[in-house]
Amino acid sequence: MTGPARPRPVLARRLETAAWRHRLTVVRAPAGWGKSRGLDDWIASSSRRDRIARVDLDPWCADPTAFWSRVTEALAEVDDRVAASPPPPAGATDRRAWLAALAAVGRAAPVDVVLVLDAFEHADTPTVCADLGLLLYGRSRLRLLLAGRTRPGLALARLRAAGTLAEIGVEDLAFSDHEARALLDGAPTGHVEETVRRAEGWPVALRFAATPPHQRLGGDHPHLYDYVVEEVLDPLPPDTRRFLLDTAVLDRLGGHLCDAVTGGGGGAAHLARLDRAGVFVVPLDRRRGWFRYHRLFREALCRAATLDGVDLVRAHRRAARWFVDHGMPDHAVAHLLAAGDGADAGDLIATAYWRMLDTGHTSTVLGWLDRLSPEHLHADARLLLAHASASLYAGRTGDVHRALALAAAAPPRAGALPDGLPSVDAGIALGRATLAALRGDVGGAVRGARRAHSMHGPEHVTQRANCEIILAGLAYYAGTDADAEHRLTAIVQSATPMRNTVAEVAGRAMLARVRADRADLGAAREHLARADALLGSRFAVAPFAARVLALCRAVVDHRSGALEAAVTGYTRARDLSTAAADRITAADAVLGLTEVALDTGRAEAARCWLGEAALLLDGCVDPGRRLRARQAALSRRRATQVAADPTAGGLLTARQAAILRAVARGLSDAAIAVELGVSVRTVHAHLRGINARLKVHSRSAAVDAYRAAGGPA
């Protein structure tokens with residue numbers, strides 16, 4: 001292996017522990033994963049290296065006599081008794097007796113000895129494995145370590161079941177991110193991070209990347225490509241090599257899919273052989289039915305396939321057809337785009353994009369659309385709707401407005417629409433209603449959502465639920481709580497059987513807030529728990545549901561007295577809403593931060609938050625009655641607290657002063673909570689705020705400081 005060498009103490013310790021604790025240790029990984037170098041480092045660092053016999057095998061060692069000659073030479077260097085043994089005989093019967101004598105030497109050894117056989121694939125024949133079994137399964141102080149690219153042909157099940165087998169694979173040999181960055185020290189920062197990500201821990205790739213001049217690490221890297229061809233592809237049988245080149249375009253590999261792409265059969269058997277032979281296939285499931293190539297290896301394969309004359313366009317089209325036939329249009333789109341079939345890709349994007357957005361794949365949809373030509377994109381209103389929706393999820397509201405305008409002007413085009421959308425006009429109406437809601441135009445958004453809702457029939461359940469979510473949220477901000485709760489209850493009840501993740505998460509989050517506003521915290525927490533369970537068992541949540549959930553969770557925490565958690569939640573909701581240009585939700589979150597600041601006696605922080613909320617609300621066309629009323633109430637509350645502070649220096653709020661006077665009277669925290677009608681956690685939060693304001697660390701010191709500043713006893 002080339003490139004700078006660095007010690008890997010973690011790997012050395014792993015090998016040291018495995019080799020001396022187990023009867024057999026198998027180190028298995030494809031070419032370039034640092035097996036030999038790892039063995040070098042381990043043996044050099046081991047305190048028992050004088051008891052380690054190492055054999056570097058070659059193709060000549062497939063002959064049993066040559067193999068055992070090499071082994072006895074290495075063992076003789078660590079055990080003089082082996083040096084006195086006769087050479088291995090050529091005949092199988094004589095060799096069996098000779099092996100029995102060698103095993104007896106091992107049993108009588110005063111200490112354990114480790115025999116390391118590197119590049120074992122060269123000697124991995126039935127005869128050699130049978131001979132090794134005589135040593136391995138007998139009682140002996142000889143321990144074996146086999147390192148190679150392939151799975152050894154020994155019967156390992158018994159050792160694995162007995163716990164006397166150690167298996168070290170790619171995950172152990174791979175460079176950690178820390179090790180990779182250390183190896184790449186001196187390379188440009190951007191280059192380092194991209195290289196670490198693309199290498200996936202492959203040591204030889206990282207060492208090529210660490211060698212000046214620093215080039216982008218890809219399958220076309222000249223040194224890496226040559227290494228793949230010479231060390232991996234050239235030694236393979238012709239049919240295996242052809243299978244690799246014909247399937248190079250696939251980012252996931254299954255037997256039937258490979259058969260469809262190659263036009264042949266036996267794809268599953270080929271994959272099983274590649275897995276056994278250690279040829280850069282990564283299993284994607286426990287049954288080892290689906291695999292993928294290591295990404296850099298796949299890139300090198302594609303280049304080799306091109307140079308070998310493989311028709312990659314035809315392979316992409318065959319893969320796309322298979323994915324369409326098996327209900328996986330998202331995978332088909334990528335292959336059609338790679339094949340240059342923009343029209344067919346556009347038809348699939350138009351039908352698949354909504355589900356992709358609903359499960360958190362916004363960047364994937366935007367990447368598809370960016371690869372289409374502008375002429376193709378602008379001529380298809382369905383694709384413009386996809387662009388508007390993906391931009392909406394990404395918080396690019398300017399792009400949403402432009403895409404909707406282009407969709408309205410685009411000529412009608414036949415073709416399927418995404419799940420639950422009855423027409424392009426309905427999609428445009430829903431998009432404009434959503435834009436109005438983001439801009440803080442409650443009245444305009446209500447009118448738009450009602451229009452969009454009227455265009456969806458009962459059969460259009462998904463998009464109809466999205467209209468309902470908008471209307472429910474707007475009803476809440478408009479101050480019509482009964483209408484909001486009625487709509488939210490209906491949404492949750494209908495979304496569950498439909499498996500509409502976004503609608504159910506957002507609906508349950510908003511219901512939790514409505515319940516918390518009525519002090520029904522038990523019901524509120526139950527809705528939040530259901531939303532959390534939903535997210536854990538289904539898909540990634542859409543950005544809209546994520547910010548609504550963060551905000552409503554913060555409200556429930558706030559009402560429960562968990563002020564620190566509330567601040568965290570309000571801050572997250574504010575940040576998510578700002579990124580999405582959602583003015584109403586951002587303003588709501590900032591007003592929550594204002595209220596927490598007032599609850600904890602931080603009048604100056606409350607003033608700053610009120611200023612930010614004012615800017616957000618003033619930027620809204622019509623934020624609704626609720627937020628304006630809350631803004632005014634919090635402004636009055638702050639003014640009242642400042643005016644009621646008896647120290648004239650803004651030292652404490654009225655609530656803080658009342659709590660401190662109760663402390664001076666000797667009341668417990670629980671008694672104070674009962675007297676003031678708050679929770680004990682709220683009392684604790686106020687006491688922390690009092691100590692911070694008075695710059696003290698105890699209750700008695702707080703009482704003294706308050707009295708010294710002129711506060712009443």
# chains A, B, ... in the order shown; residues from 1 in each chain; ligands from 1
$ select_by_dssp --residues "stretch 9-239 of chain A" --states "alpha helix (DSSP H)" --output "number ranges by chain"
A: 9-21, 35-45, 64-76, 80-83, 92-107, 126-136, 157-162, 170-173, 177-183, 189-199, 203-210, 222-228, 238-239
$ residues_around --residues "stretch 515-523 of chain A" --least-positions-apart "6" --cutoff "9 Å" --atoms "only C-alpha atoms" --output "count of residues only"
4
$ atom_distance --atom1 "atom CA of A:Leu384" --atom2 "atom CA of A:Ala407"
5.4 Å
$ atom_distance --atom1 "atom CA of A:Ala587" --atom2 "atom CA of A:Val446"
18.8 Å
$ closest_residue --among "A:Arg292, A:Arg572, A:His558, A:His270" --to "A:Gly592" --atoms "only C-alpha atoms"
A:His558
$ select_by_dssp --residues "stretch 121-355 of chain A" --states "strand (DSSP E)" --output "PyMOL selection string"
chain A and resi 142-148+165-168+253-254+281-283+290-293
$ residues_around --residues "A:Ala305" --least-positions-apart "6" --cutoff "9 Å" --atoms "only C-alpha atoms" --output "ChimeraX atom specification"
/A:242,244-246,248,311-312
$ write_last_selection --atoms "all heavy atoms" --output "short mmCIF file (atom, residue, chain, number, x, y, z; two decimals), in the first residue's frame"
data_model
loop_
_atom_site.label_atom_id
_atom_site.label_comp_id
_atom_site.auth_asym_id
_atom_site.auth_seq_id
_atom_site.Cartn_x
_atom_site.Cartn_y
_atom_site.Cartn_z
N ARG A 242 -17.18 -9.35 -16.08
CA ARG A 242 -18.24 -8.85 -16.96
C ARG A 242 -19.48 -8.46 -16.15
O ARG A 242 -20.11 -7.44 -16.41
CB ARG A 242 -18.59 -9.94 -17.99
CG ARG A 242 -19.81 -9.64 -18.87
CD ARG A 242 -19.71 -8.30 -19.58
NE ARG A 242 -18.45 -8.15 -20.28
CZ ARG A 242 -18.02 -7.01 -20.80
NH1 ARG A 242 -18.75 -5.90 -20.69
NH2 ARG A 242 -16.87 -6.94 -21.43
N LEU A 244 -19.55 -7.38 -13.07
CA LEU A 244 -19.25 -6.11 -12.39
C LEU A 244 -19.41 -4.92 -13.34
O LEU A 244 -20.02 -3.91 -12.98
CB LEU A 244 -17.83 -6.15 -11.82
CG LEU A 244 -17.60 -7.02 -10.59
CD1 LEU A 244 -16.11 -7.16 -10.32
CD2 LEU A 244 -18.28 -6.42 -9.37
N LEU A 245 -18.87 -5.04 -14.52
CA LEU A 245 -18.94 -3.92 -15.47
C LEU A 245 -20.37 -3.67 -15.93
O LEU A 245 -20.80 -2.52 -16.07
CB LEU A 245 -18.03 -4.20 -16.67
CG LEU A 245 -16.53 -4.35 -16.36
CD1 LEU A 245 -15.75 -4.59 -17.65
CD2 LEU A 245 -15.99 -3.12 -15.66
N ASP A 246 -21.13 -4.74 -16.16
CA ASP A 246 -22.51 -4.58 -16.64
C ASP A 246 -23.43 -3.98 -15.58
O ASP A 246 -24.46 -3.37 -15.92
CB ASP A 246 -23.07 -5.94 -17.09
CG ASP A 246 -22.47 -6.40 -18.41
OD1 ASP A 246 -21.87 -5.56 -19.12
OD2 ASP A 246 -22.61 -7.60 -18.74
N ALA A 248 -22.37 -1.80 -13.18
CA ALA A 248 -21.69 -0.65 -12.56
C ALA A 248 -22.62 0.53 -12.35
O ALA A 248 -22.39 1.36 -11.47
CB ALA A 248 -20.50 -0.23 -13.43
N ASP A 311 -22.58 -0.55 -22.79
CA ASP A 311 -23.61 0.45 -23.10
C ASP A 311 -24.29 0.86 -21.79
O ASP A 311 -25.27 0.26 -21.35
CB ASP A 311 -24.64 -0.15 -24.06
CG ASP A 311 -25.61 0.90 -24.60
OD1 ASP A 311 -25.69 2.00 -24.00
OD2 ASP A 311 -26.30 0.62 -25.60
N LEU A 312 -23.76 1.91 -21.16
CA LEU A 312 -24.28 2.34 -19.87
C LEU A 312 -25.67 2.95 -19.99
O LEU A 312 -26.48 2.84 -19.06
CB LEU A 312 -23.31 3.34 -19.22
CG LEU A 312 -21.90 2.80 -18.91
CD1 LEU A 312 -21.08 3.87 -18.19
CD2 LEU A 312 -21.97 1.55 -18.07
#
$ residues_around --residues "A:Gly201" --least-positions-apart "3" --cutoff "12 Å" --atoms "only C-alpha atoms" --output "PyMOL selection string"
chain A and resi 32-34+170-181+183+195-198+204-207+294-296
$ atom_distance --atom1 "atom CA of A:Gly163" --atom2 "atom CA of A:Leu24"
10.0 Å
$ closest_residue --among "A:Arg95, A:Asp118, A:Ala166, A:Arg107" --to "A:Val26" --atoms "only C-alpha atoms"
A:Ala166
$ residues_around --residues "A:Asp399" --least-positions-apart "3" --cutoff "12 Å" --atoms "only C-alpha atoms" --output "list in words"
Leu366, Leu384, Leu385, Ala386, His387, Ala388, Ser389, Ala390, Ser391, Leu392, Tyr393, Ala394, Gly395, Arg396, Arg402, Ala403, Leu404, Ala405, Leu406, Gly431 and Leu435 of chain A
$ write_last_selection --atoms "C-alpha atoms" --output "tab-separated table (two decimals), in the first residue's frame"
chain	number	residue	atom	x	y	z
A	366	LEU	CA	-34.61	19.69	-6.18
A	384	LEU	CA	-43.33	23.49	-12.00
A	385	LEU	CA	-45.67	22.46	-9.20
A	386	ALA	CA	-43.00	20.03	-8.04
A	387	HIS	CA	-40.44	22.84	-8.10
A	388	ALA	CA	-42.77	25.12	-6.14
A	389	SER	CA	-43.46	22.46	-3.52
A	390	ALA	CA	-39.81	21.49	-3.09
A	391	SER	CA	-38.78	25.15	-2.87
A	392	LEU	CA	-41.50	25.68	-0.28
A	393	TYR	CA	-40.11	22.83	1.83
A	394	ALA	CA	-36.61	24.30	1.45
A	395	GLY	CA	-37.74	27.78	2.55
A	396	ARG	CA	-37.06	29.39	-0.85
A	402	ARG	CA	-41.94	32.24	-9.63
A	403	ALA	CA	-42.66	28.54	-10.10
A	404	LEU	CA	-46.39	29.00	-9.39
A	405	ALA	CA	-46.57	31.91	-11.84
A	406	LEU	CA	-44.88	29.82	-14.53
A	431	GLY	CA	-49.40	26.60	-3.14
A	435	LEU	CA	-47.43	31.24	0.52
$ residues_around --residues "A:Ala268" --least-positions-apart "6" --cutoff "12 Å" --atoms "only C-alpha atoms" --output "compact mmCIF listing (two decimals) with N, CA, C and O atoms, in the first residue's frame"
# COMPACT_ATOMS: atom_id res chain seq x y z
N PHE A 243 -19.81 -9.26 -15.14
CA PHE A 243 -20.96 -8.94 -14.28
C PHE A 243 -20.74 -7.60 -13.58
O PHE A 243 -21.65 -6.77 -13.51
N LEU A 253 -27.97 -3.31 -5.42
CA LEU A 253 -27.84 -4.54 -6.19
C LEU A 253 -28.69 -5.64 -5.58
O LEU A 253 -28.54 -5.98 -4.40
N GLY A 254 -29.60 -6.18 -6.37
CA GLY A 254 -30.37 -7.35 -6.00
C GLY A 254 -30.34 -8.34 -7.15
O GLY A 254 -30.11 -7.95 -8.31
N GLY A 255 -30.58 -9.59 -6.87
CA GLY A 255 -30.44 -10.61 -7.90
C GLY A 255 -31.31 -10.36 -9.11
O GLY A 255 -30.82 -10.36 -10.26
N HIS A 256 -32.61 -10.11 -8.92
CA HIS A 256 -33.52 -9.91 -10.06
C HIS A 256 -33.22 -8.61 -10.79
O HIS A 256 -33.31 -8.54 -12.03
N LEU A 257 -32.85 -7.57 -10.05
CA LEU A 257 -32.48 -6.31 -10.70
C LEU A 257 -31.25 -6.50 -11.57
O LEU A 257 -31.20 -6.01 -12.72
N CYS A 258 -30.26 -7.18 -11.06
CA CYS A 258 -29.04 -7.41 -11.85
C CYS A 258 -29.35 -8.23 -13.10
O CYS A 258 -28.81 -7.96 -14.18
N ASP A 259 -30.24 -9.21 -12.98
CA ASP A 259 -30.62 -10.00 -14.15
C ASP A 259 -31.28 -9.11 -15.21
O ASP A 259 -31.04 -9.28 -16.42
N ALA A 260 -32.13 -8.18 -14.75
CA ALA A 260 -32.80 -7.29 -15.70
C ALA A 260 -31.81 -6.39 -16.42
O ALA A 260 -31.96 -6.10 -17.61
N LEU A 274 -19.44 -12.65 -5.01
CA LEU A 274 -18.71 -11.40 -4.76
C LEU A 274 -18.60 -11.14 -3.26
O LEU A 274 -17.56 -10.69 -2.77
N ASP A 275 -19.68 -11.42 -2.53
CA ASP A 275 -19.66 -11.23 -1.08
C ASP A 275 -18.62 -12.13 -0.44
O ASP A 275 -17.84 -11.70 0.42
N ARG A 288 -28.76 -10.47 3.42
CA ARG A 288 -27.77 -10.33 2.35
C ARG A 288 -28.40 -10.60 0.99
O ARG A 288 -27.83 -11.27 0.14
N GLY A 289 -29.60 -10.04 0.83
CA GLY A 289 -30.26 -10.12 -0.47
C GLY A 289 -30.02 -8.88 -1.32
O GLY A 289 -30.08 -8.94 -2.54
N TRP A 290 -29.75 -7.76 -0.64
CA TRP A 290 -29.46 -6.50 -1.33
C TRP A 290 -28.09 -5.99 -0.91
O TRP A 290 -27.72 -6.07 0.27
N PHE A 291 -27.36 -5.48 -1.89
CA PHE A 291 -26.02 -4.97 -1.65
C PHE A 291 -25.86 -3.63 -2.37
O PHE A 291 -26.73 -3.20 -3.13
$ closest_residue --among "A:Ala97, A:Ala436, A:Leu271, A:Ala157" --to "A:Tyr293" --atoms "only C-alpha atoms"
A:Leu271
